[in-house]
Structures are given as C-alpha cells and as structure tokens.
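**Student:** The structure follows.
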Amino acid sequence: MATVKLVLWKHNERKDGKFPIAVRITKDRKSRYVFTGKYVFEKEWDAQSDKVKKSHENSVRLNAFLRKKLSEIETISDKSEIIEENLSSDQIKRKFKRQNTKVSFFQLACERIRNKNLEGIYSVGQPELSILYNIHEFLNFNATLSKEKVIEGIDARRKARISKARSGPQNLHDDLTTLANKSSLNFEDIDTAFINRFKSFCSAFLGHKTRTITNQLMFIRTIYNLAIKEGITDAKKYPFGGEKEIIRIPSGNKIGLTTEEIKRIETLKLEENTSIWHTRNIWLFAYYFAGVRVSDVVSLKWADFLDGRLYYQMNKNEKPVSLKIPEQAHKILALYMPEKSSTDDYIFPFMKKANPQDKKDVFTKIRNATKLLNKHLKKIADKCKIEKNLSNHIARHSFGNIAGDRIHPLMLQKLYRHSDLKTTLNYQANFIHKEADEALEKVLGE
C-alpha cells in the first residue's frame with residue numbers, strides 16, 4: 001500500500017530562500033513527488049504536522065489547498081488498493097496528473113510508441129506507428145470523394161513519408177509530435193459506430209484482410225485500456241466486450257509441409273555459402289527446434305549453445321527457452337564452425353555486421369534478413385516443386401503438421417513455448433484431421 005505525505009522539498013531552494021511543497025508518494029521503497037506549485041520559507045513549515053505554520057499570512061487558505069491535493073492523490077491510491085490495480089508510485093503520480101488534463105487518443109498512443117522505441121522495442125513501436133497513421137487517414141477520410149481519389153490521396157501521403165525517411169534519418173520524435181498535435185480524437189468519440197466505420201474503411205480503402213483489421217482493433221483497445229488505467233477516461237464508455245465490439249482473432253488455415261516435402265528441401269543441391277544456401281540452413285534449423293521463429297534463429301550466437309543444449313530468450317515475449325540440440329541441427333552448426341572466432345559471434349552471416357549494442361541496428365538487420373529469407377524460400381519451393389506457400393513461419397506449421405496427434409499436448413506446449421495449454425490445443429487442431437477424415441470416409445464409403 002502506498003504512503004502519501006506532504007513534505008517540504010529542500011533540494012531546490014529558490015533565489016528568495018523559499019522551498020517548494022510537494023506530495024510524496026511512496027510504495028515498495030520507491031518515492032515520487034507531485035509538486036503543488038506552492039513555496040514557503042523553511043521556518044514557515046511544520047514538519048511534525050505536515051502543514052504551513054500559522055505564522056504564514058495565508059496559512060488557512062494554503063493548508064486547505066494542500067489538503068485537497070493530498071486527498072486527491074490518496075483517493076487514487078485507495079481506489080487502486082480496493083480494485084487490486086496494484087499501481088506503483090510512478091503510476092499513481094501519472095494518474096493524478098492525467099485526471100485533470102484532457103488527453104486525446106493520439107497523444108496517449110504517441111507517448112506509448114515513443115516509450116517503446118526508447119526501450120528499444122522496435123518490433124512493437126514501428127507497427128503501432130503504422131496503425132496510428134491508418135487511423136489518421138480514416139479521420140481525414142472524405143466520404144464525398146470517389147474511392148479512386150481517396151486511395152490516390154492515401155498513396156501520395158505514404159510516398160511522401162517514405163521519401164522523407166529515405167532522404168535522411170527518420171525523426172520519429174517529430175513524426176509523433178505532429179500526429180499528437182494535429183490529430184484530435186477523444187476517447188469518448190471511440191464508440192461502436194466509430195469502430196464499425198473504421199473497419200469498413202480499412203477493408204474498402206486500405207485493402208486490409210480480417211486479421212490485419214483485428215490487429216488494429218487490438219491496438220485501439222490497448223490504448224483505451226491504458227487511458228482507463230491512468231484515469232483519462234471512464235470505464236463506463238469502454239467500447240469493447242459485452243454487447244459491444246468483441247475482438248475475435250480469426251483462426252485461418254495453418255498449412256505445414258509433409259515429411260516428404262521436408263526431405264526435398266534437405267536434399268536440394270545448392271551452391272555452398274550462397275544466400276539461398278544459408279536460407280535453407282536457417283529454415284531447417286528453425287524446423288528442427290520445433291518451429292523456433294526465424295527472427296530468433298538469425299540472431300543466435302555461439303554463446304547460446306552450452307552442454308549440448310540451446311539456451312536463448314525469445315524476442316517476441318522474452319521467454320527463456322532450453323532445448324536439446326537435435327543431430328540434424330548439429331550438422332548445420334558444424335557448417336558454420338570454421339567462421340567462429342568467439343562465443344559472441346553471430347552464427348549465421350546475415351547478422352555478422354550488426355552491432356549488438358545498438359538495438360535499432362539489430363532490429364533493422366533482423367527485419368531485412370527475414371525479408372530476404374522469404375524471397376529465397378519462394379525460389380526453394382519452386383526448385384523443390386512445393387506448391388504450398390513456403391515462408392519463414394511455415395517451419396512452425398510444418399512441425400505441428402508432422403507432430404499431429406502423436407505427441408502429448410503438454411509436451412507440445414513446452415516445445416511451442418505457449419503459456420496456456422488451450423493455445424496449444426487450438427493451434428494443433430489445425431493439423432489433426434484423422435477423425436474427421438475417417439468420419440467422412442465412413443459416411444461416403446457406405
């Protein structure tokens with residue numbers, strides 16, 4: 001439980017000798033201060049009673065003002081405890097500052113994206129910025145124009161943004177500031193009607209598929225939940241759940257390769273040390289480890305392997321993983337061993353020039369590598385006469401397809417690194433067709 005107390009901040013004395021009065025919020029030994037904007041001399045402050053002494057000419061009115069500020073912050077802290085929100089001292093401070101300030105959807109979203117990029121989480125910050133631009137396009141949508149004119153305007157603005165990025169280092173701060181200041185969208189304006197119009201706009205004018213639209217709705221929901229948590233808007237106006245908008249992630253058909261198709265890839269003759277040769281090795285390496293994400297594979301270092309096991313942390317959710325190295329994976333590692341100079345080396349060549357200390361550089365090179373790998377995988381599929389869409393992620397689907405119902409779900413959950421067994425069951429349902437096939441054959445065979 002947080003402790004809230006009025007204090008005289010003695011670390012910042014003004015030229016006239018007065019000190020600021022602040023509300024100190026302490027929780028888990030961490031303190032944050034909310035400054036009241038009021039100043040007094042040290043001799044005018046009663047440290048025992050936490051108030052201004054009567055010797056101050058406006059003590060009655062000033063103490064009433066300070067008690068009001070203290071009470072407002074205590075109320076936020078108490079409510080947090082009642083609903084088990086478990087806010088930190090910093091969150092209580094921010095929630096107090098928010099509740100008396102009108103913050104728009106774009107301002108809060110831009111703040112989140114800016115923080116994600118400062119933390120080096122570019123895999124989240126960049127896609128969310130793209131979504132924010134789509135919402136901005138929607139708000140500027142002119143229903144009186146033809147579809148062609150609307151798309152023409154959207155394309156022109158996107159080309160301008162791309163040109164700006166290519167002409168020099170993209171100033172993310174400026175982009176976010178512009179969006180926050182020019183795009184006015186209040187949280188109370190985001191209702192069921194708004195969401196339905198946005199979905200129609202994304203489908204008709206941006207050409208988005210159902211899953212892409214769902215991802216954007218999830219982003220809007222995330223920002224709305226953040227606004228409720230920080231006291232910016234009322235939970236009663238929440239536009240999701242219940243009889244309102246329910247976000248459902250479409251399952252879609254997950255198609256994996258067969259054992260025979262995997263063999264074709266393994267035995268394909270390719271010139272050594274070419275990009276397509278490295279691509280085949282990386283894809284198979286991902287498959288051999290139960291479908292490790294290719295973005296994780298390309299960034300593996302020799303230090304991630306110890307005592308015959310792979311130890312690494314997933315980029316997507318930072319979960320720790322430990323798996324025994326299969327014999328097939330050992331053979332691939334042996335191909336790259338001659339290039340090893342230290343345990344800090346990246347194993348695969350696409351990351352050799354990356355600066356491990358620069359998160360932005362690592363993110364950019366992983367993104368570029370995955371694009372190149374997908375390009376070469378299309379060529380591999382063609383050479384192997386595989387008609388399925390061979391991509392980075394299909395390594396995971398292929399493992400699931402071949403595993404079928406032969407491996408216990410609990411073991412598959414561990415191999416897939418799923419937090420919830422239900423996720424594993426839903427995922428694996430895409431690849432278990434035996435019972436349905438037998439039922440169909442039984443009916444049609446009679």
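Chain lettering (A, B, ...) mirrors the order of the structure tokens, residue numbering begins at 1 for each chain separately, and ligand numbering begins at 1 in order of display.
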Enumerate, in order of chain and increasing residue number, the residues of segment 275-316 of chain A with an atom no farther than 7 Å from segment 330-349 of chain A, each with its shortest atom pair and distance in Å to one decimal, counting only C-alpha atoms, as a tab-separated table.

**Tutor:**
residue	atom	partner	partner_atom	distance
A:Asn281	CA	A:Ile332	CA	6.6
A:Val298	CA	A:Phe348	CA	5.9
A:Ser299	CA	A:Tyr346	CA	6.4
A:Leu300	CA	A:Tyr346	CA	5.9
A:Lys301	CA	A:Tyr346	CA	4.3
A:Trp302	CA	A:Thr343	CA	4.8
A:Ala303	CA	A:Thr343	CA	4.7

**Student:** Using C-alpha atoms, can you export the residues from the last selection as a compact mmCIF listing (two decimals), in the first residue's frame?

**Tutor:**
# COMPACT_ATOMS: atom_id res chain seq x y z
CA ASN A 281 20.01 -23.95 -43.43
CA VAL A 298 19.16 -15.45 -37.38
CA SER A 299 20.18 -13.63 -34.19
CA LEU A 300 21.55 -16.70 -32.39
CA LYS A 301 25.13 -16.56 -31.12
CA TRP A 302 27.54 -19.36 -30.26
CA ALA A 303 27.14 -18.39 -26.61

**Student:** Could you list, as an NGL selection string, every residue within 10 Å of Ser275 of chain A, counting only C-alpha atoms and ignoring same-chain residues fewer than 2 positions away?

**Tutor:** :A and (270-273 or 277-281 or 349-350 or 372-373 or 376)

**Student:** Return as a ChimeraX atom specification the full set of residues in segment 314-398 of chain A whose backbone-based DSSP assignment is alpha helix (DSSP H).

**Tutor:** /A:327-336,359-383,394-398

**Student:** Find the spatial neighbours of Lys18 of chain A, counting only C-alpha atoms, within a cut-off of 7 Å - ignore same-chain residues fewer than 4 positions away - and output them as a short mmCIF file (atom, residue, chain, number, x, y, z; two decimals) with all heavy atoms, in the first residue's frame.

**Tutor:**
data_model
loop_
_atom_site.label_atom_id
_atom_site.label_comp_id
_atom_site.auth_asym_id
_atom_site.auth_seq_id
_atom_site.Cartn_x
_atom_site.Cartn_y
_atom_site.Cartn_z
N GLU A 13 16.10 25.12 -3.57
CA GLU A 13 15.81 26.41 -2.94
C GLU A 13 15.75 27.52 -3.99
O GLU A 13 16.62 27.62 -4.86
CB GLU A 13 16.89 26.74 -1.90
CG GLU A 13 16.65 28.04 -1.15
CD GLU A 13 17.74 28.33 -0.12
OE1 GLU A 13 18.69 27.51 -0.04
OE2 GLU A 13 17.63 29.35 0.58
N ARG A 14 14.71 28.34 -3.93
CA ARG A 14 14.60 29.46 -4.86
C ARG A 14 15.53 30.59 -4.43
O ARG A 14 16.08 30.59 -3.33
CB ARG A 14 13.16 29.97 -4.90
CG ARG A 14 12.21 29.03 -5.61
CD ARG A 14 10.94 29.73 -6.08
NE ARG A 14 10.36 30.66 -5.13
CZ ARG A 14 9.16 31.24 -5.27
NH1 ARG A 14 8.42 30.94 -6.33
NH2 ARG A 14 8.69 32.08 -4.37
N TYR A 39 5.24 27.63 -2.48
CA TYR A 39 6.57 27.76 -1.87
C TYR A 39 6.45 28.48 -0.52
O TYR A 39 5.64 29.41 -0.38
CB TYR A 39 7.51 28.55 -2.77
CG TYR A 39 7.81 27.89 -4.10
CD1 TYR A 39 6.89 27.92 -5.15
CD2 TYR A 39 9.03 27.23 -4.30
CE1 TYR A 39 7.17 27.32 -6.36
CE2 TYR A 39 9.32 26.62 -5.51
CZ TYR A 39 8.38 26.67 -6.53
OH TYR A 39 8.65 26.07 -7.73
N VAL A 40 7.25 28.05 0.46
CA VAL A 40 7.31 28.73 1.76
C VAL A 40 8.75 28.70 2.27
O VAL A 40 9.57 27.90 1.81
CB VAL A 40 6.38 28.07 2.81
CG1 VAL A 40 4.92 28.20 2.42
CG2 VAL A 40 6.76 26.61 3.02
N PHE A 41 9.03 29.57 3.24
CA PHE A 41 10.34 29.51 3.91
C PHE A 41 10.36 28.30 4.83
O PHE A 41 9.31 27.86 5.32
CB PHE A 41 10.58 30.78 4.72
CG PHE A 41 10.78 32.01 3.86
CD1 PHE A 41 9.80 33.00 3.84
CD2 PHE A 41 11.94 32.18 3.10
CE1 PHE A 41 9.97 34.13 3.05
CE2 PHE A 41 12.11 33.31 2.33
CZ PHE A 41 11.12 34.29 2.29
N GLU A 42 11.54 27.78 5.08
CA GLU A 42 11.66 26.60 5.93
C GLU A 42 11.09 26.85 7.32
O GLU A 42 10.45 25.97 7.92
CB GLU A 42 13.13 26.16 6.03
CG GLU A 42 13.33 24.86 6.79
CD GLU A 42 14.77 24.39 6.79
OE1 GLU A 42 15.63 25.10 6.22
OE2 GLU A 42 15.04 23.30 7.37
#

**Student:** Quote the spacing between atom CA of Arg114 of chain A and atom CA of Phe141 of chain A in Å to one decimal place.

**Tutor:**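 Spanning atom CA of Arg114 of chain A to atom CA of Phe141 of chain A is a straight-line distance of 25.7 Å.
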